[in-house]
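The block underneath contains the structure these notes are about, expressed in structure tokens.
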Amino acid sequence: MALEIDWLSRLFSVDMGIDLGTCNTLVCVRGEGIVLNEPSVVAVRKGTNIVLNDGEAVGFAAKDMLGKTPGSISAVRPLKDGVISDFAVTEAMLGYFIKKVNGKSTRIFGPRVVIAIPSGITSVEKQAVYESAERAGARRVYLVHEPMAAAIGAGLPVAEPTASMIVDIGDLAGAAADVAIISLAAIAECESLRVAGDDFDDSIINHMKRVHGLLIGEQTAERIKIEIGSAAPTGPEMKMDVRGRDMKTGLPRKVEVTSQEIREALSEPVGLIAEAVVRVLEKAKPELAADLVDNGITIAGGGALLRGIDKVFHQATGLDVKIADEPLSCVARGTSNYLENLDLFKDTLESDADSV
């Protein structure tokens, strides 16, 4: 009877993998790949957890409101430093995405869900992920560590008896970086630090205040990072006009900034990640370290898109460094791989059944 119910539940639901990012959430479906990629933003009535537009002010619709909402509305990111900071709003966001992918009327059973989590997440934070996903409609929840999912999504030979090193720097505006050495389908050495794209943005915001006396918002800082940001020189220096509010007069003002000064502003958070890469290498067993001389380091996540970051890691370690293909979606593609082989892997994954 239990087997019949399980068969029916698979027929009338859809298994999905979720890369729950601080900046963007990606959802993939078994056999279909990535079907949703939207900002991890929710618009709520200020002082409450009531999502606007009958629960539909999530993702793209909510991101457009960031920094532009009236006093009665808040556009919030419910994840901070790579983990859940607002449980109720995260639950609403997950529920919206799960319903959008699962369908509101054609599915009888809730989906089985594989969610990628940072390697440094605490047991309390894991429980929050389980509970939020279950209340959002998931039938069964499995957790996989982000560096493992990223390595699989990047096509690294994680199951083989050789070392693979992955540096997953969250989304481009994310807030966590994972550095891991993987061998024989297990993480041999790992360090998770809550430094990534958000810190890049904060460094740019602080630089604009200190050097130019100009107040800018998060979205402007992100645009500067994407258009002219770099971790190391990669070609001709670039310039762009930046608009914001003058700190002295309070009036709108425009200034010109260069890629060189933005690179200097980003040097501290980039340096912290490079130091973590070196620490993980120093802790590796000699045989694993020897493998990496040939295998090198792979960078995934949106942070991999920062120009020249591979050069910084190469200079810090002396190893070959490459950017994964489509680094933004590596973690999501890794969860998709788990979905394709869920019956094989489910006993090796952490699940909500283990938490009770």
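By convention here, the chains of the structure tokens are called A, B, ... in the order presented, each chain's residues are numbered starting at 1, and ligands are numbered starting at 1 in the order presented.
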
Check: If you run DSSP on this backbone, which residues of region 170-286 of chain A come out as strand (DSSP E or B), and could you give them as an MDAnalysis selection string?
Finding: chainID A and resid 177:183 186:193 214:215 230 239:246 252:258

Give me, as a tab-separated table, the closest atom pair and its distance (Å, one decimal) for every residue of region 252-295 of chain A within a cut-off of 12 Å of region 241-247 of chain A, counting only C-alpha atoms, rows sorted by chain and rising number.
```
residue	atom	partner	partner_atom	distance
A:Pro252	CA	A:Arg245	CA	4.5
A:Arg253	CA	A:Gly244	CA	5.7
A:Lys254	CA	A:Arg243	CA	4.4
A:Val255	CA	A:Val242	CA	5.4
A:Glu256	CA	A:Asp241	CA	4.5
A:Val257	CA	A:Asp241	CA	6.4
A:Thr258	CA	A:Asp241	CA	9.0
A:Ser259	CA	A:Asp241	CA	11.4
```

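Using only C-alpha atoms, the nearest neighbour of Ser336 (chain A) within the list A:Gly153, A:Leu79, A:Asp310, A:Gln315 is A:Gly153.
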
Notebook entry, point to check: What gap, in Å, lies between CA of Ala92 (chain A) and CA of Leu20 (chain A)?
Noted result: 13.2 Å

Notebook entry, point to check: Out of A:Glu350, A:Asp54, A:Glu340, A:Glu227, which residue has the shortest atom-to-atom distance to Asp15 (chain A) when counting only C-alpha atoms?
Noted result: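 Checking each candidate against Asp15 (chain A), we get A:Glu340 as the closest.
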
Item checked: Every residue of region 195-332 of chain A that DSSP places in helix (DSSP H, G or I), as JSON, numbers by chain -> {"A": [197, 198, 199, 200, 201, 202, 203, 204, 205, 206, 207, 208, 209, 210, 211, 212, 218, 219, 220, 221, 222, 223, 224, 225, 226, 227, 228, 259, 260, 261, 262, 263, 264, 265, 266, 267, 268, 269, 270, 271, 272, 273, 274, 275, 276, 277, 278, 279, 280, 281, 282, 283, 286, 287, 288, 289, 290, 291, 292, 293, 294, 295, 302, 303, 304, 305, 309, 310, 311, 312, 313, 314, 315, 316, 317, 327, 328, 329, 330, 331, 332]}

Would you write out those residues with C-alpha atoms, as a PDB file, in the first residue's frame?
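Wrote it out as selection-v4.pdb, contents follow:
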```pdb
ATOM      1  CA  GLY A 197      28.457  39.610  -3.040  1.00  0.00           C
ATOM      2  CA  ASP A 198      26.674  41.590  -0.315  1.00  0.00           C
ATOM      3  CA  ASP A 199      30.046  42.543   1.138  1.00  0.00           C
ATOM      4  CA  PHE A 200      31.217  43.588  -2.330  1.00  0.00           C
ATOM      5  CA  ASP A 201      28.199  45.922  -2.518  1.00  0.00           C
ATOM      6  CA  ASP A 202      28.776  47.266   1.002  1.00  0.00           C
ATOM      7  CA  SER A 203      32.414  48.004   0.153  1.00  0.00           C
ATOM      8  CA  ILE A 204      31.325  50.007  -2.897  1.00  0.00           C
ATOM      9  CA  ILE A 205      28.686  51.905  -0.902  1.00  0.00           C
ATOM     10  CA  ASN A 206      31.242  52.784   1.791  1.00  0.00           C
ATOM     11  CA  HIS A 207      33.796  53.813  -0.834  1.00  0.00           C
ATOM     12  CA  MET A 208      31.315  56.197  -2.460  1.00  0.00           C
ATOM     13  CA  LYS A 209      30.562  57.764   0.926  1.00  0.00           C
ATOM     14  CA  ARG A 210      34.202  58.094   1.961  1.00  0.00           C
ATOM     15  CA  VAL A 211      35.760  59.222  -1.304  1.00  0.00           C
ATOM     16  CA  HIS A 212      32.956  61.021  -3.120  1.00  0.00           C
ATOM     17  CA  GLU A 218      22.193  48.595  -2.999  1.00  0.00           C
ATOM     18  CA  GLN A 219      20.976  48.326  -6.582  1.00  0.00           C
ATOM     19  CA  THR A 220      23.309  51.106  -7.732  1.00  0.00           C
ATOM     20  CA  ALA A 221      26.239  49.428  -5.965  1.00  0.00           C
ATOM     21  CA  GLU A 222      25.360  46.137  -7.654  1.00  0.00           C
ATOM     22  CA  ARG A 223      25.235  47.849 -11.042  1.00  0.00           C
ATOM     23  CA  ILE A 224      28.684  49.404 -10.472  1.00  0.00           C
ATOM     24  CA  LYS A 225      30.067  45.991  -9.508  1.00  0.00           C
ATOM     25  CA  ILE A 226      28.645  44.311 -12.587  1.00  0.00           C
ATOM     26  CA  GLU A 227      29.583  47.024 -15.085  1.00  0.00           C
ATOM     27  CA  ILE A 228      33.096  48.010 -13.996  1.00  0.00           C
ATOM     28  CA  SER A 259      37.276  50.534 -12.417  1.00  0.00           C
ATOM     29  CA  GLN A 260      40.615  50.982 -10.630  1.00  0.00           C
ATOM     30  CA  GLU A 261      39.075  52.674  -7.587  1.00  0.00           C
ATOM     31  CA  ILE A 262      36.258  50.104  -7.438  1.00  0.00           C
ATOM     32  CA  ARG A 263      38.877  47.316  -7.580  1.00  0.00           C
ATOM     33  CA  GLU A 264      40.609  48.889  -4.591  1.00  0.00           C
ATOM     34  CA  ALA A 265      37.269  49.110  -2.763  1.00  0.00           C
ATOM     35  CA  LEU A 266      36.656  45.391  -3.386  1.00  0.00           C
ATOM     36  CA  SER A 267      40.137  44.265  -2.330  1.00  0.00           C
ATOM     37  CA  GLU A 268      39.199  43.562   1.302  1.00  0.00           C
ATOM     38  CA  PRO A 269      36.271  41.120   0.788  1.00  0.00           C
ATOM     39  CA  VAL A 270      38.069  39.451  -2.154  1.00  0.00           C
ATOM     40  CA  GLY A 271      41.159  39.081   0.020  1.00  0.00           C
ATOM     41  CA  LEU A 272      39.163  37.427   2.808  1.00  0.00           C
ATOM     42  CA  ILE A 273      37.897  34.761   0.398  1.00  0.00           C
ATOM     43  CA  ALA A 274      41.415  34.208  -0.990  1.00  0.00           C
ATOM     44  CA  GLU A 275      42.697  33.732   2.571  1.00  0.00           C
ATOM     45  CA  ALA A 276      40.003  31.101   3.192  1.00  0.00           C
ATOM     46  CA  VAL A 277      41.093  29.254   0.026  1.00  0.00           C
ATOM     47  CA  VAL A 278      44.680  29.171   1.326  1.00  0.00           C
ATOM     48  CA  ARG A 279      43.555  27.964   4.786  1.00  0.00           C
ATOM     49  CA  VAL A 280      41.581  25.068   3.306  1.00  0.00           C
ATOM     50  CA  LEU A 281      44.569  24.067   1.158  1.00  0.00           C
ATOM     51  CA  GLU A 282      46.847  24.170   4.216  1.00  0.00           C
ATOM     52  CA  LYS A 283      44.513  21.754   6.056  1.00  0.00           C
ATOM     53  CA  PRO A 286      49.169  15.642   1.385  1.00  0.00           C
ATOM     54  CA  GLU A 287      47.704  13.244  -1.206  1.00  0.00           C
ATOM     55  CA  LEU A 288      44.691  15.485  -1.779  1.00  0.00           C
ATOM     56  CA  ALA A 289      46.914  18.552  -2.049  1.00  0.00           C
ATOM     57  CA  ALA A 290      49.043  16.702  -4.602  1.00  0.00           C
ATOM     58  CA  ASP A 291      45.962  15.979  -6.737  1.00  0.00           C
ATOM     59  CA  LEU A 292      45.137  19.684  -6.853  1.00  0.00           C
ATOM     60  CA  VAL A 293      48.438  20.465  -8.543  1.00  0.00           C
ATOM     61  CA  ASP A 294      46.900  18.838 -11.631  1.00  0.00           C
ATOM     62  CA  ASN A 295      43.184  19.373 -10.945  1.00  0.00           C
ATOM     63  CA  GLY A 302      27.658  34.555  -9.065  1.00  0.00           C
ATOM     64  CA  GLY A 303      30.851  35.825  -7.424  1.00  0.00           C
ATOM     65  CA  ALA A 304      32.788  33.957 -10.105  1.00  0.00           C
ATOM     66  CA  LEU A 305      31.557  36.622 -12.548  1.00  0.00           C
ATOM     67  CA  ILE A 309      38.867  36.850  -9.381  1.00  0.00           C
ATOM     68  CA  ASP A 310      40.500  33.754 -10.879  1.00  0.00           C
ATOM     69  CA  LYS A 311      43.767  35.722 -11.160  1.00  0.00           C
ATOM     70  CA  VAL A 312      43.615  36.623  -7.457  1.00  0.00           C
ATOM     71  CA  PHE A 313      43.188  32.984  -6.422  1.00  0.00           C
ATOM     72  CA  HIS A 314      45.971  31.885  -8.782  1.00  0.00           C
ATOM     73  CA  GLN A 315      48.337  34.469  -7.296  1.00  0.00           C
ATOM     74  CA  ALA A 316      47.419  33.345  -3.752  1.00  0.00           C
ATOM     75  CA  THR A 317      47.848  29.606  -4.370  1.00  0.00           C
ATOM     76  CA  PRO A 327      28.601  29.550 -12.668  1.00  0.00           C
ATOM     77  CA  LEU A 328      25.360  31.195 -11.526  1.00  0.00           C
ATOM     78  CA  SER A 329      23.409  27.967 -11.984  1.00  0.00           C
ATOM     79  CA  CYS A 330      25.970  25.399 -10.756  1.00  0.00           C
ATOM     80  CA  VAL A 331      24.261  24.785  -7.410  1.00  0.00           C
ATOM     81  CA  ALA A 332      20.824  24.490  -9.021  1.00  0.00           C
TER      82      ALA A 332
END
```

Next item on the list: Measure the distance from CA of Ser74 (chain A) to CA of Arg135 (chain A) in Å and round it to one decimal.
Entry: 22.9 Å

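You will find CA of Leu349 (chain A) at 11.4 Å from CA of Ala186 (chain A).
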
Notebook entry, point to check: Could you name the residues that touch region 123-125 of chain A at 10 Å or less, counting only C-alpha atoms, but leaving out those on the same chain fewer than 4 positions away, as a VMD selection string?
Noted result: chain A and resid 83 to 85 87 117 129 to 131 355

Next item on the list: Find the residues around region 165-169 of chain A up to 6 Å (only C-alpha atoms counted), leave out those fewer than 5 positions away in its own chain, and share them as number ranges by chain.
Entry: A: 177-181, 196, 297-301, 303

Go ahead and save the residues from that selection, with C-alpha atoms, as an mmCIF file, in the first residue's frame.
```
data_model
loop_
_atom_site.group_PDB
_atom_site.id
_atom_site.type_symbol
_atom_site.label_atom_id
_atom_site.label_comp_id
_atom_site.auth_asym_id
_atom_site.auth_seq_id
_atom_site.Cartn_x
_atom_site.Cartn_y
_atom_site.Cartn_z
ATOM 1 C CA ALA A 177 31.163 31.746 0.265
ATOM 2 C CA ASP A 178 31.987 28.055 0.611
ATOM 3 C CA VAL A 179 35.461 26.662 -0.026
ATOM 4 C CA ALA A 180 35.689 22.860 -0.166
ATOM 5 C CA ILE A 181 37.909 19.971 -1.210
ATOM 6 C CA ALA A 196 30.415 37.368 -0.710
ATOM 7 C CA ILE A 297 40.514 25.090 -8.413
ATOM 8 C CA THR A 298 37.053 25.738 -9.868
ATOM 9 C CA ILE A 299 35.046 28.853 -9.001
ATOM 10 C CA ALA A 300 31.236 28.730 -9.061
ATOM 11 C CA GLY A 301 28.425 31.016 -7.986
ATOM 12 C CA GLY A 303 30.851 35.825 -7.424
#
```

Next item on the list: Name the residues in contact with Asn53 (chain A) at a cut-off of 9 Å, using only C-alpha atoms, excluding same-chain residues fewer than 3 positions from it; report them as a list in words.
Entry: Ala43, Glu56 and Ala57 of chain A
